[in-house]
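run_29.cif follows (mmCIF, C-alpha atoms):
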data_input
loop_
_atom_site.label_atom_id
_atom_site.label_comp_id
_atom_site.auth_asym_id
_atom_site.auth_seq_id
_atom_site.Cartn_x
_atom_site.Cartn_y
_atom_site.Cartn_z
CA MET R 125 -57.07 -10.24 17.11
CA GLY R 126 -58.28 -12.65 14.48
CA GLN R 127 -56.03 -14.12 11.81
CA GLY R 128 -55.88 -11.90 8.76
CA GLN R 129 -57.07 -8.84 10.67
CA GLN R 130 -55.07 -5.67 10.03
CA GLU R 131 -52.58 -4.79 12.80
CA ARG R 132 -52.86 -1.23 14.10
CA VAL R 133 -49.73 0.77 13.24
CA ALA R 134 -48.80 3.87 15.21
CA THR R 135 -45.99 6.41 14.64
CA SER R 136 -44.71 9.38 16.61
CA LEU R 137 -42.66 11.39 14.13
CA ALA R 138 -44.03 13.95 11.71
CA GLY R 139 -43.24 13.62 8.02
CA ALA R 140 -41.17 16.76 8.28
CA VAL R 141 -38.56 14.84 10.28
CA SER R 142 -37.93 12.40 7.43
CA GLU R 143 -37.95 15.22 4.93
CA GLY R 144 -35.41 17.16 6.97
CA ILE R 145 -33.10 14.18 7.22
CA ALA R 146 -33.39 13.60 3.47
CA ALA R 147 -32.48 17.23 2.83
CA SER R 148 -29.50 17.06 5.18
CA LEU R 149 -28.18 13.95 3.43
CA ALA R 150 -28.84 15.04 -0.14
CA SER R 151 -25.20 15.98 -0.69
CA VAL R 152 -24.07 12.67 0.78
CA ASP R 153 -26.46 10.77 -1.51
CA ALA R 154 -25.02 12.60 -4.51
CA GLU R 155 -21.47 11.95 -3.33
CA LEU R 156 -22.14 8.24 -2.96
CA GLU R 157 -23.49 8.07 -6.50
CA ARG R 158 -20.51 9.97 -7.89
CA ARG R 159 -17.68 8.31 -6.00
CA TYR R 160 -19.01 4.77 -5.69
CA PRO R 161 -20.94 3.83 -8.84
CA GLY R 162 -20.11 0.13 -8.39
CA ASP R 163 -18.52 -2.32 -10.81
CA PRO R 164 -19.02 -1.36 -14.47
CA GLY R 165 -20.38 -4.82 -15.22
CA THR R 166 -18.06 -5.28 -18.19
CA ARG R 167 -15.76 -8.24 -18.76
CA GLN R 168 -12.54 -8.16 -16.76
CA PRO R 169 -9.65 -9.96 -18.46
CA VAL R 170 -7.88 -12.59 -16.38
CA HIS R 171 -4.47 -11.21 -17.29
CA THR R 172 -2.49 -8.56 -19.13
CA VAL R 173 0.37 -9.54 -21.42
CA TYR R 174 3.12 -6.93 -21.91
CA VAL R 175 5.09 -6.95 -25.16
CA PRO R 176 7.90 -4.43 -25.90
CA GLY R 177 7.00 -1.88 -28.55
CA ASP R 178 9.76 -3.04 -30.88
CA ALA R 179 8.74 -6.71 -30.55
CA PHE R 180 5.01 -6.30 -31.23
CA THR R 181 3.92 -7.64 -34.64
CA ALA R 182 0.74 -8.69 -36.36
CA ASP R 183 1.62 -12.27 -35.38
CA THR R 184 2.17 -11.65 -31.65
CA LEU R 185 -1.13 -13.04 -30.36
CA ARG R 186 -1.01 -16.15 -32.53
CA SER R 187 2.65 -16.65 -31.71
CA TRP R 188 2.03 -16.55 -27.96
CA GLY R 189 -0.73 -19.14 -28.28
CA GLY R 190 1.42 -21.38 -30.45
CA ARG R 191 4.41 -21.18 -28.13
CA ALA R 192 2.22 -21.96 -25.13
CA LEU R 193 0.76 -25.01 -26.84
CA ALA R 194 4.25 -26.15 -27.83
CA ALA R 195 5.31 -25.91 -24.18
CA LEU R 196 2.38 -28.10 -23.16
CA ASP R 197 3.19 -30.66 -25.82
CA GLU R 198 6.82 -30.80 -24.77
CA HIS R 199 6.55 -30.76 -20.99
CA THR R 200 3.06 -32.14 -20.17
CA PRO R 201 1.64 -33.86 -23.27
CA ASP R 202 -1.54 -35.11 -21.58
CA ALA R 203 -4.00 -34.22 -18.84
CA ALA R 204 -2.56 -36.64 -16.30
CA SER R 205 0.97 -35.26 -16.49
CA PHE R 206 -0.29 -31.65 -16.39
CA ALA R 207 -2.47 -32.41 -13.36
CA ALA R 208 0.42 -34.15 -11.60
CA VAL R 209 2.67 -31.11 -11.98
CA LEU R 210 0.07 -28.66 -10.66
CA GLY R 211 -1.68 -30.88 -8.13
CA LEU R 212 -5.04 -30.71 -9.90
CA GLU R 213 -7.80 -32.97 -8.60
CA ASP R 214 -8.34 -36.06 -10.74
CA ARG R 215 -11.97 -35.09 -11.38
CA LEU R 216 -10.83 -31.79 -12.93
CA ALA R 217 -7.78 -32.94 -14.84
CA GLU R 218 -9.28 -33.77 -18.25
CA ASP R 219 -11.71 -30.85 -18.21
CA VAL R 220 -9.16 -28.21 -17.20
CA TYR R 221 -6.49 -29.51 -19.59
CA GLY R 222 -8.96 -29.58 -22.47
CA ARG R 223 -10.18 -26.07 -21.72
CA VAL R 224 -6.62 -24.76 -21.47
CA ARG R 225 -5.73 -26.16 -24.89
CA ALA R 226 -8.94 -24.83 -26.43
CA LYS R 227 -8.34 -21.40 -24.93
CA LEU R 228 -4.78 -21.24 -26.27
CA GLU R 229 -6.07 -22.10 -29.74
CA ARG R 230 -9.06 -19.75 -29.68
CA GLU R 231 -8.11 -16.76 -27.51
CA PRO R 232 -4.59 -17.08 -26.07
CA VAL R 233 -4.41 -13.48 -24.83
CA GLU R 234 -7.28 -11.56 -23.22
CA ASP R 235 -5.51 -8.23 -22.74
CA LEU R 236 -2.34 -7.04 -24.46
CA ARG R 237 -0.30 -3.96 -23.68
CA VAL R 238 2.35 -2.79 -26.13
CA ASP R 239 5.02 -1.46 -23.80
CA PHE R 240 6.93 1.77 -24.32
CA GLU R 241 8.20 1.99 -20.75
CA ASP R 242 10.50 -0.47 -18.91
CA GLY R 243 10.10 -3.19 -21.52
CA TYR R 244 11.08 -0.77 -24.27
CA GLY R 245 13.65 1.54 -22.69
CA ASP R 246 15.17 4.68 -24.17
CA ARG R 247 15.38 4.76 -27.95
CA PRO R 248 15.90 7.54 -30.48
CA GLY R 249 12.79 9.68 -30.80
CA ALA R 250 12.15 8.81 -34.43
CA GLU R 251 12.38 5.10 -33.61
CA GLU R 252 9.82 5.34 -30.82
CA ASP R 253 7.55 7.46 -33.01
CA GLY R 254 7.65 4.77 -35.65
CA ALA R 255 6.98 1.97 -33.18
CA ALA R 256 3.99 3.83 -31.71
CA ALA R 257 2.56 4.49 -35.16
CA ARG R 258 3.07 0.84 -36.10
CA ALA R 259 1.34 -0.31 -32.89
CA ALA R 260 -1.67 1.87 -33.72
CA ARG R 261 -1.87 0.47 -37.26
CA LEU R 262 -1.53 -3.16 -36.17
CA ILE R 263 -4.06 -2.85 -33.36
CA SER R 264 -6.55 -1.11 -35.65
CA GLU R 265 -6.09 -3.82 -38.28
CA ALA R 266 -6.54 -6.56 -35.67
CA TYR R 267 -9.85 -5.12 -34.50
CA GLY R 268 -10.88 -4.67 -38.12
CA ASP R 269 -10.24 -8.28 -39.15
CA GLY R 270 -11.40 -9.91 -35.90
CA THR R 271 -7.98 -11.13 -34.73
CA ALA R 272 -7.61 -8.70 -31.80
CA ALA R 273 -7.56 -9.65 -28.16
CA PRO R 274 -10.66 -8.42 -26.28
CA TYR R 275 -8.53 -5.60 -24.83
CA MET R 276 -5.44 -3.97 -26.34
CA GLY R 277 -3.48 -0.77 -25.85
CA ILE R 278 -0.15 0.68 -24.79
CA ARG R 279 1.83 1.60 -21.69
CA VAL R 280 3.62 4.92 -22.09
CA LYS R 281 6.41 6.47 -20.08
CA CYS R 282 5.42 8.15 -16.82
CA MET R 283 4.72 11.78 -15.98
CA GLU R 284 8.08 12.41 -14.28
CA ALA R 285 10.05 15.31 -15.73
CA ALA R 286 12.82 13.30 -17.40
CA VAL R 287 10.50 11.29 -19.66
CA ARG R 288 7.24 13.27 -19.57
CA ASP R 289 7.47 14.83 -23.02
CA ARG R 290 8.43 11.52 -24.59
CA GLY R 291 5.47 9.76 -22.98
CA ILE R 292 3.04 12.48 -24.08
CA ARG R 293 4.31 12.36 -27.66
CA THR R 294 4.12 8.55 -27.84
CA LEU R 295 0.55 8.63 -26.58
CA ASP R 296 -0.34 11.34 -29.11
CA VAL R 297 1.24 9.40 -31.99
CA PHE R 298 -0.57 6.21 -30.96
CA LEU R 299 -4.03 7.71 -30.43
CA THR R 300 -3.76 9.85 -33.57
CA GLY R 301 -2.81 6.76 -35.54
CA LEU R 302 -5.89 4.95 -34.27
CA MET R 303 -8.12 7.87 -35.20
CA GLU R 304 -6.67 8.05 -38.70
CA ALA R 305 -7.16 4.30 -39.10
CA GLY R 306 -10.86 4.48 -38.30
CA GLY R 307 -11.28 5.46 -34.66
CA LEU R 308 -10.65 4.23 -31.12
CA PRO R 309 -11.58 0.57 -30.58
CA ASP R 310 -13.95 -0.33 -27.75
CA GLY R 311 -11.29 -2.53 -26.16
CA LEU R 312 -8.69 0.24 -25.93
CA VAL R 313 -6.75 0.36 -22.64
CA LEU R 314 -3.97 2.81 -21.74
CA THR R 315 -1.57 2.39 -18.82
CA LEU R 316 0.17 5.24 -16.98
CA PRO R 317 3.09 3.80 -14.96
CA LYS R 318 5.10 4.92 -11.92
CA VAL R 319 2.51 7.38 -10.63
CA THR R 320 3.54 9.00 -7.35
CA TYR R 321 1.28 12.05 -6.96
CA PRO R 322 -2.42 12.62 -7.76
CA GLU R 323 -1.40 15.66 -9.76
CA GLN R 324 0.23 13.35 -12.31
CA VAL R 325 -3.12 11.63 -12.74
CA THR R 326 -4.78 15.02 -13.20
CA ALA R 327 -2.19 15.83 -15.87
CA MET R 328 -3.14 12.65 -17.74
CA VAL R 329 -6.80 13.66 -17.54
CA ARG R 330 -6.03 17.09 -19.01
CA LEU R 331 -3.99 15.44 -21.78
CA LEU R 332 -6.85 13.13 -22.74
CA GLU R 333 -9.36 15.98 -22.56
CA ALA R 334 -7.24 17.94 -25.04
CA PHE R 335 -7.08 14.96 -27.40
CA GLU R 336 -10.84 14.37 -27.20
CA GLU R 337 -11.51 18.03 -27.93
CA ALA R 338 -9.10 18.03 -30.87
CA HIS R 339 -10.94 15.10 -32.46
CA GLY R 340 -14.50 15.91 -31.44
CA LEU R 341 -14.77 12.84 -29.21
CA GLU R 342 -17.28 12.52 -26.40
CA PRO R 343 -15.78 13.90 -23.17
CA GLY R 344 -14.55 11.05 -20.98
CA ARG R 345 -14.28 8.61 -23.91
CA ILE R 346 -10.69 7.64 -23.09
CA GLY R 347 -9.88 5.97 -19.78
CA PHE R 348 -6.62 4.68 -18.37
CA GLU R 349 -5.03 2.46 -15.75
CA ILE R 350 -3.00 3.93 -12.90
CA GLN R 351 -0.04 1.66 -12.26
CA ILE R 352 0.88 1.36 -8.58
CA GLU R 353 4.60 0.66 -8.27
CA THR R 354 6.00 3.31 -5.91
CA SER R 355 5.66 3.64 -2.14
CA GLN R 356 4.30 7.19 -2.56
CA ALA R 357 1.39 5.81 -4.59
CA VAL R 358 0.22 3.79 -1.58
CA LEU R 359 1.03 6.07 1.35
CA ALA R 360 1.51 9.84 1.04
CA ALA R 361 3.83 11.97 3.15
CA ASP R 362 0.87 13.05 5.30
CA GLY R 363 -0.08 9.45 6.05
CA THR R 364 -3.10 9.28 3.76
CA ALA R 365 -3.71 6.62 1.12
CA THR R 366 -2.50 8.27 -2.08
CA VAL R 367 -4.16 5.67 -4.29
CA ALA R 368 -7.60 6.77 -3.10
CA ARG R 369 -6.81 10.36 -4.05
CA MET R 370 -5.51 9.18 -7.43
CA ILE R 371 -8.79 7.47 -8.22
CA GLN R 372 -10.63 10.72 -7.54
CA ALA R 373 -8.06 12.75 -9.49
CA ALA R 374 -8.86 10.60 -12.53
CA GLU R 375 -12.34 12.17 -12.64
CA GLY R 376 -14.05 8.94 -13.64
CA ARG R 377 -11.46 7.90 -16.22
CA ALA R 378 -9.57 5.36 -14.08
CA THR R 379 -10.27 1.80 -15.22
CA GLY R 380 -7.72 -0.23 -13.27
CA LEU R 381 -4.90 -0.31 -10.74
CA PRO R 382 -2.21 -2.74 -11.92
CA TYR R 383 0.37 -3.55 -9.24
CA GLY R 384 4.06 -3.40 -10.22
CA THR R 385 5.68 -6.23 -8.26
CA PHE R 386 9.33 -5.49 -8.86
CA ASP R 387 9.45 -1.70 -8.92
CA TYR R 388 7.35 -1.53 -5.76
CA SER R 389 9.40 -4.18 -3.96
CA ALA R 390 12.65 -2.46 -4.90
CA CYS R 391 11.22 0.87 -3.76
CA LEU R 392 10.78 -0.63 -0.29
CA GLY R 393 14.24 -2.17 -0.23
CA VAL R 394 13.23 -5.81 -0.75
CA SER R 395 16.19 -7.76 -2.09
CA ALA R 396 15.88 -9.17 -5.59
CA ALA R 397 15.69 -12.78 -4.40
CA HIS R 398 12.56 -12.01 -2.34
CA GLN R 399 10.64 -9.76 -4.72
CA ALA R 400 7.40 -11.63 -5.33
CA GLY R 401 3.64 -11.22 -5.37
CA ASP R 402 3.23 -13.02 -2.05
CA HIS R 403 5.78 -10.93 -0.12
CA PRO R 404 4.26 -9.02 2.85
CA VAL R 405 4.94 -5.65 1.19
CA ALA R 406 2.98 -6.79 -1.86
CA ASP R 407 0.10 -8.01 0.27
CA HIS R 408 -0.05 -4.66 2.09
CA ALA R 409 0.04 -2.58 -1.09
CA LYS R 410 -2.63 -4.63 -2.82
CA ALA R 411 -4.87 -4.60 0.25
CA VAL R 412 -4.72 -0.79 0.35
CA MET R 413 -5.41 -0.64 -3.39
CA GLN R 414 -8.34 -3.03 -2.99
CA VAL R 415 -9.99 -1.02 -0.22
CA ALA R 416 -9.43 2.28 -2.04
CA ALA R 417 -10.96 0.91 -5.25
CA ALA R 418 -13.93 -0.91 -3.70
CA GLY R 419 -17.20 0.37 -5.09
CA THR R 420 -15.54 2.89 -7.42
CA GLY R 421 -15.67 0.74 -10.55
CA VAL R 422 -11.86 0.69 -10.70
CA ARG R 423 -10.41 -2.83 -10.77
CA VAL R 424 -7.25 -4.05 -9.07
CA CYS R 425 -4.77 -6.09 -11.11
CA ASP R 426 -2.09 -8.27 -9.51
CA GLY R 427 1.54 -8.19 -10.63
CA SER R 428 3.68 -10.84 -12.27
CA THR R 429 6.40 -13.37 -11.57
CA ASN R 430 9.75 -13.02 -13.33
CA VAL R 431 10.52 -16.73 -13.00
CA LEU R 432 10.13 -17.89 -16.58
CA PRO R 433 9.14 -21.45 -17.57
CA VAL R 434 12.06 -22.07 -19.90
CA GLY R 435 14.82 -24.66 -20.11
CA PRO R 436 14.67 -28.37 -19.21
CA THR R 437 11.36 -29.95 -18.20
CA GLU R 438 12.21 -30.04 -14.49
CA LYS R 439 12.84 -26.29 -14.49
CA VAL R 440 9.67 -25.58 -16.50
CA HIS R 441 7.60 -27.66 -14.08
CA ALA R 442 9.00 -25.75 -11.09
CA ALA R 443 8.18 -22.40 -12.73
CA TRP R 444 4.70 -23.63 -13.59
CA ARG R 445 4.01 -24.71 -10.01
CA LEU R 446 5.16 -21.32 -8.76
CA HIS R 447 3.02 -19.38 -11.23
CA TYR R 448 0.00 -21.60 -10.68
CA GLY R 449 0.26 -21.20 -6.91
CA LEU R 450 0.64 -17.42 -7.08
CA THR R 451 -2.34 -17.14 -9.42
CA ARG R 452 -4.56 -19.31 -7.21
CA ARG R 453 -3.48 -17.29 -4.18
CA ALA R 454 -4.39 -14.05 -5.96
CA LEU R 455 -7.80 -15.36 -7.03
CA ALA R 456 -8.65 -16.33 -3.45
CA ARG R 457 -7.83 -12.74 -2.45
CA ALA R 458 -10.15 -11.35 -5.16
CA TYR R 459 -7.39 -10.20 -7.51
CA TYR R 460 -8.99 -11.55 -10.66
CA GLN R 461 -6.41 -10.21 -13.10
CA GLY R 462 -2.61 -10.38 -13.20
CA TRP R 463 0.37 -9.87 -15.50
CA ASP R 464 1.94 -12.52 -17.68
CA MET R 465 5.43 -11.95 -19.03
CA HIS R 466 6.08 -15.03 -21.18
CA PRO R 467 4.03 -17.38 -23.42
CA GLY R 468 4.96 -20.20 -21.06
CA HIS R 469 2.90 -18.53 -18.34
CA LEU R 470 -0.33 -18.89 -20.30
CA PRO R 471 -0.95 -22.61 -19.59
CA THR R 472 -0.73 -22.12 -15.84
CA ARG R 473 -2.65 -18.83 -15.91
CA TYR R 474 -5.60 -20.52 -17.52
CA ALA R 475 -5.22 -23.74 -15.54
CA ALA R 476 -5.37 -21.78 -12.28
CA VAL R 477 -8.31 -19.67 -13.42
CA PHE R 478 -10.28 -22.60 -14.81
CA ALA R 479 -9.65 -24.79 -11.76
CA PHE R 480 -10.72 -21.93 -9.47
CA TYR R 481 -14.10 -21.63 -11.18
CA ARG R 482 -14.64 -25.34 -11.86
CA GLU R 483 -13.94 -26.30 -8.25
CA GLY R 484 -16.48 -23.88 -6.83
CA PHE R 485 -19.07 -23.97 -9.60
CA GLU R 486 -21.57 -26.47 -8.24
CA GLN R 487 -21.69 -24.99 -4.75
CA ALA R 488 -21.89 -21.40 -6.00
CA ALA R 489 -24.63 -22.21 -8.49
CA ALA R 490 -26.66 -24.12 -5.91
CA ARG R 491 -26.40 -21.32 -3.35
CA LEU R 492 -27.44 -18.70 -5.87
CA ALA R 493 -30.33 -20.85 -7.09
CA ARG R 494 -31.57 -21.27 -3.50
CA TYR R 495 -31.26 -17.55 -2.89
CA ALA R 496 -33.04 -16.64 -6.12
CA GLY R 497 -35.85 -19.08 -5.30
CA ARG R 498 -35.86 -18.28 -1.57
CA ALA R 499 -35.40 -22.00 -0.88
CA GLY R 500 -33.84 -23.37 2.28
CA GLY R 501 -30.34 -24.72 2.68
CA ASP R 502 -27.48 -25.11 5.12
CA VAL R 503 -26.17 -21.58 4.47
CA MET R 504 -28.13 -18.38 5.09
CA ASP R 505 -26.86 -16.05 2.37
CA GLU R 506 -27.04 -12.27 2.49
CA PRO R 507 -27.85 -10.13 -0.58
CA ALA R 508 -24.18 -9.13 -0.81
CA THR R 509 -23.22 -12.82 -0.95
CA ALA R 510 -25.68 -13.37 -3.78
CA GLN R 511 -23.95 -10.51 -5.57
CA ALA R 512 -20.56 -12.20 -5.08
CA LEU R 513 -21.91 -15.59 -6.21
CA ALA R 514 -23.34 -14.12 -9.41
CA GLY R 515 -20.12 -12.21 -10.09
CA TYR R 516 -18.12 -15.40 -9.63
CA LEU R 517 -20.23 -17.26 -12.18
CA LEU R 518 -20.10 -14.40 -14.68
CA ARG R 519 -16.31 -14.21 -14.49
CA GLY R 520 -16.17 -17.96 -15.03
CA LEU R 521 -18.35 -17.62 -18.12
CA ASP R 522 -16.36 -14.73 -19.55
CA CYS R 523 -13.00 -16.50 -19.47
CA GLY R 524 -14.27 -19.88 -20.69
CA ALA R 525 -14.06 -21.81 -17.43
CA LEU R 526 -17.83 -22.31 -17.41
CA ASP R 527 -20.38 -22.87 -20.16
CA THR R 528 -23.60 -20.89 -20.54
CA ALA R 529 -25.83 -23.96 -20.69
CA GLU R 530 -24.47 -25.58 -17.53
CA VAL R 531 -24.75 -22.35 -15.56
CA ALA R 532 -28.35 -21.86 -16.73
CA ARG R 533 -29.23 -25.43 -15.77
CA ALA R 534 -27.65 -25.17 -12.34
CA THR R 535 -29.03 -21.73 -11.40
CA GLY R 536 -32.22 -21.39 -13.42
CA LEU R 537 -30.96 -17.95 -14.41
CA THR R 538 -30.16 -16.36 -17.74
CA ARG R 539 -27.07 -14.19 -18.12
CA ALA R 540 -29.29 -11.15 -17.67
CA GLY R 541 -30.54 -12.65 -14.42
CA LEU R 542 -26.97 -13.23 -13.22
CA GLU R 543 -26.07 -9.66 -14.12
CA GLY R 544 -29.04 -8.39 -12.15
CA PHE R 545 -27.70 -10.03 -9.00
CA ALA R 546 -24.05 -9.20 -9.72
CA ALA R 547 -24.46 -5.48 -10.34
CA PRO R 548 -27.63 -4.13 -8.76
CA ARG R 549 -28.22 -0.41 -8.68
CA ARG R 550 -27.34 1.43 -5.49
CA GLY R 551 -29.89 0.31 -2.92
CA GLY R 552 -30.59 -2.76 -5.01
CA LEU R 553 -29.02 -5.10 -2.47
CA THR R 554 -31.53 -3.93 0.11
CA ALA R 555 -34.34 -4.45 -2.38
CA LEU R 556 -33.14 -7.96 -3.14
CA ALA R 557 -33.22 -8.78 0.56
CA ARG R 558 -36.95 -8.10 0.77
#
Will you turn the file into structure tokens for me?
Amino acid sequence: MGQGQQERVATSLAGAVSEGIAASLASVDAELERRYPGDPGTRQPVHTVYVPGDAFTADTLRSWGGRALAALDEHTPDAASFAAVLGLEDRLAEDVYGRVRAKLEREPVEDLRVDFEDGYGDRPGAEEDGAAARAARLISEAYGDGTAAPYMGIRVKCMEAAVRDRGIRTLDVFLTGLMEAGGLPDGLVLTLPKVTYPEQVTAMVRLLEAFEEAHGLEPGRIGFEIQIETSQAVLAADGTATVARMIQAAEGRATGLPYGTFDYSACLGVSAAHQAGDHPVADHAKAVMQVAAAGTGVRVCDGSTNVLPVGPTEKVHAAWRLHYGLTRRALARAYYQGWDMHPGHLPTRYAAVFAFYREGFEQAAARLARYAGRAGGDVMDEPATAQALAGYLLRGLDCGALDTAEVARATGLTRAGLEGFAAPRRGGLTALAR
């Protein structure tokens, strides 16, 4: 057969066979679309800062940034000393240190949760009402004048009988306050803690439905995080993964799964001295959460360390090394968000995040550029890898570890192009492979 001549193609199956298979899988196709819509493609904050409801003020965000910068000035006043404490490569030291300082000045907190649960405790009802109303007013004002963190909200008490009514009332006071102050901000995030049964998630859904109806809001407008900090939230009595059922019980409202390091560890009998994010029980819980959430659009958030960087310089340095190491470990395991409990954690949070993206930037950009241009190289990347590479670069851009111009130069792609690789429609990975 001559070159360029059409090859004869023969088939054996009638079109009815394909049509029959399509009909038999129609319900599966619909289920895949409903249950696994993929990542929402929105910015994911690198951390969540929890501040007790009675301690939250209009100055909280600025104060945290100022205290973090003061800690740097006192304990590592230059890039070399900061790099020496954390073990940063010399080539990254000046860049990472400069970016950390700039971040603390410009946007010290990416996600803030005003806490009315463990960090707040039991207070007289009128006092908690007032704190919730004040939180709503301050958050609304912050979004109005441009001083808000990208994401802000509250954590209420759980759905267990002893505190259920109090949690419901606090949420009502807070959301009503926001509505009266002008409406719900786009960056609003709510956290439901200590969830043990999917039915508690369903109860939260019904609560939010009632609020939306009362205010004429679009159904599904309000989402929430499901905090995983009990053994029952990971493994049910029948041996199934409860967290997977909780995601479905949220009926599309679940936005995240923050892990509660200390409550979960205590629930499994881990002694206080060994409760940490790298303990085997933590690794198991987060792995189950990660698999359950994959493809659903719900994001997993790592826990925190309770070792605070306070006191003499030697003690601060030790706490910084611990926090930096835990954050880098989490990032390598694809937990791109964690908790921070003290302003002194901010320098090492951002140092770890920035180093993670700066270290891998050149290789990731080159691989994605080769893939996008179908050029050769020493690595044969799959479409799913291109998706991961683009997601990596986008997360680096969002937090300030990478700059738009350098990413565009290295990849030849605009942000829209990166987003196309990072979040293709269902079936899009197959299309990209062709």
> Within 9 Å of (-4.8, -22.1, -26.4), all atoms listed in the file: residues as a PyMOL selection string?
Replying inline: chain R and resi 188-190+192-193+223-233+470-471
> Expanded to explicit residues, what is the PyMOL selection byres ((chain R and resi 354) around 12) for this file, as a ChimeraX atom specification?
Replying inline: /R:282,317-321,350-353,355-360,366-367,382-393,405-406,409
>> At a cut-off of 10 Å around the point (-17.7, -8.8, -19.6) (file coordinates), what residues fall inside when counting only C-alpha atoms? I'd like the answer as a list in words.
In response: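 All residues meeting the 10 Å criterion around (-17.7, -8.8, -19.6) are Pro164, Gly165, Thr166, Arg167, Gln168, Pro169, Pro274, Leu518, Arg519, Leu521, Asp522 and Cys523 of chain R.
Between CA of Arg159 (chain R) and CA of Met370 (chain R) lies a distance of 12.3 Å.
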> Just how far from CA of Gln129 (chain R) is CA of Arg498 (chain R), in Å to one decimal?
Replying inline: 26.2 Å
>> Using all atoms listed in the file, which protein or nucleic acid residues come within 10 Å of region 297-314 of chain R? Drop anything in the same chain fewer than 5 positions from it, and give the result as an NGL selection string.
In response: :R and (235-238 or 252-265 or 267-268 or 272-280 or 291-292 or 332 or 335 or 339 or 341 or 345-350 or 378-380)
> Do you know which residues the PyMOL selection byres ((chain R and resi 460) around 12) returns on this file, as number ranges by chain?
Replying inline: R: 167-172, 380-382, 414, 423-427, 450-459, 461-463, 473-474, 476-478, 480-481, 515-516, 519-520, 522-523
> Distance CA of Ala195 (chain R)-CA of Asp242 (chain R), one decimal place?
Replying inline: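 If I compute the distance from CA of Ala195 (chain R) to CA of Asp242 (chain R), I get 26.5 Å.
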>> When you count only C-alpha atoms, which of these residues is closest to Pro176 (chain R): R:Ala493, R:Ala508, R:Gly162, R:Phe240?
In response: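 Closest candidate: R:Phe240.
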> So what does the PyMOL selection byres ((chain R and resi 206) around 10) actually pick up in this one, as number ranges by chain?
Replying inline: R: 196, 199-205, 207-212, 217-218, 220-221, 441, 444, 471-472, 475
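Closest to Thr437 (chain R) among R:Asp197, R:Thr135, R:Asp527, R:Lys410 is R:Asp197, based on only C-alpha atoms.
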Hey, what's within 10 Å of Thr535 (chain R) if we count all atoms listed in the file and toss same-chain stuff fewer than 6 positions away? As a PDB file with C-alpha atoms, in the frame of the given file, please?
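Output (result24.pdb):
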ATOM      1  CA  GLU R 486     -21.570 -26.470  -8.240  1.00  0.00           C
ATOM      2  CA  ALA R 488     -21.890 -21.400  -6.000  1.00  0.00           C
ATOM      3  CA  ALA R 489     -24.630 -22.210  -8.490  1.00  0.00           C
ATOM      4  CA  ALA R 490     -26.660 -24.120  -5.910  1.00  0.00           C
ATOM      5  CA  ARG R 491     -26.400 -21.320  -3.350  1.00  0.00           C
ATOM      6  CA  LEU R 492     -27.440 -18.700  -5.870  1.00  0.00           C
ATOM      7  CA  ALA R 493     -30.330 -20.850  -7.090  1.00  0.00           C
ATOM      8  CA  ARG R 494     -31.570 -21.270  -3.500  1.00  0.00           C
ATOM      9  CA  TYR R 495     -31.260 -17.550  -2.890  1.00  0.00           C
ATOM     10  CA  ALA R 496     -33.040 -16.640  -6.120  1.00  0.00           C
ATOM     11  CA  GLY R 497     -35.850 -19.080  -5.300  1.00  0.00           C
ATOM     12  CA  ALA R 514     -23.340 -14.120  -9.410  1.00  0.00           C
ATOM     13  CA  LEU R 517     -20.230 -17.260 -12.180  1.00  0.00           C
ATOM     14  CA  GLY R 541     -30.540 -12.650 -14.420  1.00  0.00           C
ATOM     15  CA  LEU R 542     -26.970 -13.230 -13.220  1.00  0.00           C
TER      16      LEU R 542
END
> Hey, which of R:Leu526, R:Asp163, R:Glu483, R:Gly401 ends up closest to Leu216 (chain R)? Count all atoms listed in the file.
Replying inline: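 The closest residue to Leu216 (chain R) is R:Glu483.
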